[in-house]
Amino acid sequence: MAENDRLQNKTVMVTGATSGIGEIAAHNLASMGASLTIVARNEEKAKATQASIQQQTSNQPDILIADLSVQSQIRQLAADFQEKHEHLDVLVNNAGVFNLSRTESADGFEMTWATNHLNYFLLTNLLLDSLKASNKARIVNVASDAHKGGEIFFDDPNLTDDYSSWKAYSQSKLANIMFTYELTRRLEGTQVTANSLHPGFVRTGFAKNNGWFSRLIMPIVGLAAISPEKGAETMTYLAAAPDVDGVTGKYFDKKKAVSSTKISYDEAAQKRLWGISAEMVGL
């Protein structure tokens, strides 16, 4: 099959698709013929991305608008998708934040935890029937090597007593990987695979919501960063490449399966994380 029709007749959803690596991946997947749904919080940005993709690929994606830190909006998003589509072939969970100061979501959870982890957990679970209805489906969770400094603070995942931006972010990225591993076990016997990835340290607008940090620090740090195009490569690879067909439960960097931290493989901790996550989202 030619590169430009690899995803012909495949239904694909990408969250966080209006900037950075999510936008590049959305362009990449649309160029392969995907029937694409882009998920974004900002409708104006979503329409601009839609127009750009259509102009460059002659493929017009659908748009779904949702603030993925808000559980009611995630539920509405899933319902709206399922009303229109009988199945989902690829789900790319990419939307995320890095917050310098502690804020809470509309549901009362620490914002990084709500957006980066509970979002992935709830949206994926709500769409599992759609994924299982596909002939073969893939779940791609964008994590980070930031997980290597992380731990899950089971007694206080909302970090109410001892917040730091890095602690919150690294915890959420570790949770992405542990969720992926536990999900893989729960999907045994199905045609649905789940993998996570490190996109690399990418030069994007990520963390630009943090005022002085974004204006002063990120341009300096960004000198060592890779381009968004490079950063989107592994995400695109896991969503579409034929050589990862059937590959599941892995953590990827630079399109290669690599080891995540020792703590991420703790099955008891994975199950515990699943349990508290399910309680937090009401599943």
# chains A, B, ... in the order shown; residues from 1 in each chain; ligands from 1
>>> residues_around(residues="stretch 150-164 of chain A", least_positions_apart="3", cutoff="8 Å", atoms="only C-alpha atoms", output="count of residues only")
17
>>> residues_around(residues="A:Ser260", least_positions_apart="2", cutoff="12 Å", atoms="only C-alpha atoms", output="PyMOL selection string")
chain A and resi 143-150+173-178+180-181+195-198+249-253+257-258+262-266
>>> write_last_selection(atoms="C-alpha atoms", output="short mmCIF file (atom, residue, chain, number, x, y, z; two decimals), in the first residue's frame")
data_model
loop_
_atom_site.label_atom_id
_atom_site.label_comp_id
_atom_site.auth_asym_id
_atom_site.auth_seq_id
_atom_site.Cartn_x
_atom_site.Cartn_y
_atom_site.Cartn_z
CA ALA A 143 4.03 10.27 27.48
CA SER A 144 7.54 11.62 28.13
CA ASP A 145 10.96 10.74 29.47
CA ALA A 146 9.97 13.17 32.23
CA HIS A 147 8.40 10.08 33.80
CA LYS A 148 11.91 9.02 34.85
CA GLY A 149 11.84 11.57 37.66
CA GLY A 150 8.31 10.72 38.67
CA LYS A 173 3.71 11.20 32.48
CA LEU A 174 4.52 8.15 34.61
CA ALA A 175 0.77 7.62 34.95
CA ASN A 176 0.43 7.67 31.14
CA ILE A 177 2.87 4.78 30.84
CA MET A 178 1.52 2.74 33.76
CA THR A 180 -0.86 1.95 29.03
CA TYR A 181 0.66 -1.20 30.54
CA ASN A 195 1.58 1.83 23.26
CA SER A 196 3.11 4.97 24.78
CA LEU A 197 5.96 7.16 23.61
CA HIS A 198 8.49 9.87 24.32
CA GLY A 249 2.35 -2.73 25.73
CA LYS A 250 5.58 -0.98 24.73
CA TYR A 251 7.20 2.41 25.37
CA PHE A 252 8.80 3.98 22.30
CA ASP A 253 11.48 6.59 21.71
CA ALA A 257 10.76 0.17 21.79
CA VAL A 258 12.81 1.06 24.88
CA LYS A 262 11.53 0.16 36.86
CA ILE A 263 8.65 1.58 38.89
CA SER A 264 6.47 1.80 35.78
CA TYR A 265 6.44 -2.02 35.48
CA ASP A 266 5.06 -2.56 39.01
#
>>> atom_distance(atom1="atom CA of A:Pro242", atom2="atom CA of A:Ala133")
19.7 Å
>>> atom_distance(atom1="atom CA of A:Ala25", atom2="atom CA of A:Glu86")
23.1 Å
>>> residues_around(residues="A:Asp89", least_positions_apart="6", cutoff="7 Å", atoms="only C-alpha atoms", output="number ranges by chain")
A: 10-12, 131, 134, 136-138
>>> residues_around(residues="A:Thr18", least_positions_apart="5", cutoff="6 Å", atoms="only C-alpha atoms", output="ChimeraX atom specification")
/A:23,46,49
>>> write_last_selection(atoms="N, CA and C atoms", output="JSON list (two decimals), in the first residue's frame")
[["chain", "number", "residue", "atom", "x", "y", "z"],
["A", 23, "GLU", "N", -0.57, 18.80, 16.03],
["A", 23, "GLU", "CA", -0.97, 19.36, 14.73],
["A", 23, "GLU", "C", -0.19, 18.72, 13.59],
["A", 46, "ALA", "N", -9.12, 25.29, 16.01],
["A", 46, "ALA", "CA", -9.51, 24.04, 15.37],
["A", 46, "ALA", "C", -9.89, 24.27, 13.91],
["A", 49, "THR", "N", -6.75, 24.89, 11.89],
["A", 49, "THR", "CA", -6.05, 23.63, 11.63],
["A", 49, "THR", "C", -6.79, 22.81, 10.58]]
>>> closest_residue(among="A:Leu118, A:Val281, A:Val90, A:Leu128", to="A:Asp245", atoms="only C-alpha atoms")
A:Val90
>>> residues_around(residues="A:Asp67", least_positions_apart="6", cutoff="8 Å", atoms="only C-alpha atoms", output="JSON, numbers by chain")
{"A": [40, 41, 73, 74]}
>>> select_by_dssp(residues="stretch 40-90 of chain A", states="alpha helix (DSSP H)", output="PyMOL selection string")
chain A and resi 43-57+71-84
>>> residues_around(residues="A:Val244", least_positions_apart="5", cutoff="10 Å", atoms="only C-alpha atoms", output="list in words")
Arg138, Thr193, Asn195, Tyr237, Leu238, Ala239 and Lys255 of chain A
>>> write_last_selection(atoms="N, CA and C atoms", output="compact mmCIF listing (two decimals), in the first residue's frame")
# COMPACT_ATOMS: atom_id res chain seq x y z
N ARG A 138 -5.64 0.85 17.27
CA ARG A 138 -4.44 1.24 18.00
C ARG A 138 -4.75 2.41 18.93
N THR A 193 -4.46 -2.63 20.26
CA THR A 193 -3.13 -2.49 20.86
C THR A 193 -3.02 -1.14 21.54
N ASN A 195 0.17 1.52 23.04
CA ASN A 195 1.58 1.83 23.26
C ASN A 195 1.72 3.29 23.69
N TYR A 237 4.32 7.24 13.56
CA TYR A 237 4.77 5.86 13.35
C TYR A 237 3.86 4.86 14.09
N LEU A 238 3.59 5.13 15.36
CA LEU A 238 2.77 4.21 16.14
C LEU A 238 1.32 4.20 15.67
N ALA A 239 0.86 5.30 15.11
CA ALA A 239 -0.52 5.38 14.63
C ALA A 239 -0.71 4.66 13.30
N LYS A 255 11.06 5.94 17.51
CA LYS A 255 10.48 4.82 16.76
C LYS A 255 11.05 3.46 17.14
>>> select_by_dssp(residues="stretch 4-116 of chain A", states="strand (DSSP E)", output="PyMOL selection string")
chain A and resi 11-15+35-40+62-65+90-93
>>> atom_distance(atom1="atom CA of A:Leu183", atom2="atom CA of A:Val140")
11.6 Å
>>> residues_around(residues="A:Leu64", least_positions_apart="4", cutoff="10 Å", atoms="only C-alpha atoms", output="PyMOL selection string")
chain A and resi 13+15+37-43+46+76-78+80-81
>>> closest_residue(among="A:Gln191, A:Asn59, A:Ala278, A:Glu233", to="A:Val247", atoms="only C-alpha atoms")
A:Gln191
>>> closest_residue(among="A:Lys84, A:Asn94, A:Leu36, A:Lys45", to="A:Gly16", atoms="only C-alpha atoms")
A:Asn94
>>> closest_residue(among="A:His87, A:Lys230, A:Arg6, A:His117", to="A:Ile21", atoms="only C-alpha atoms")
A:Lys230
>>> closest_residue(among="A:Thr236, A:Leu88, A:Glu182, A:Ala194", to="A:Glu267", atoms="only C-alpha atoms")
A:Glu182
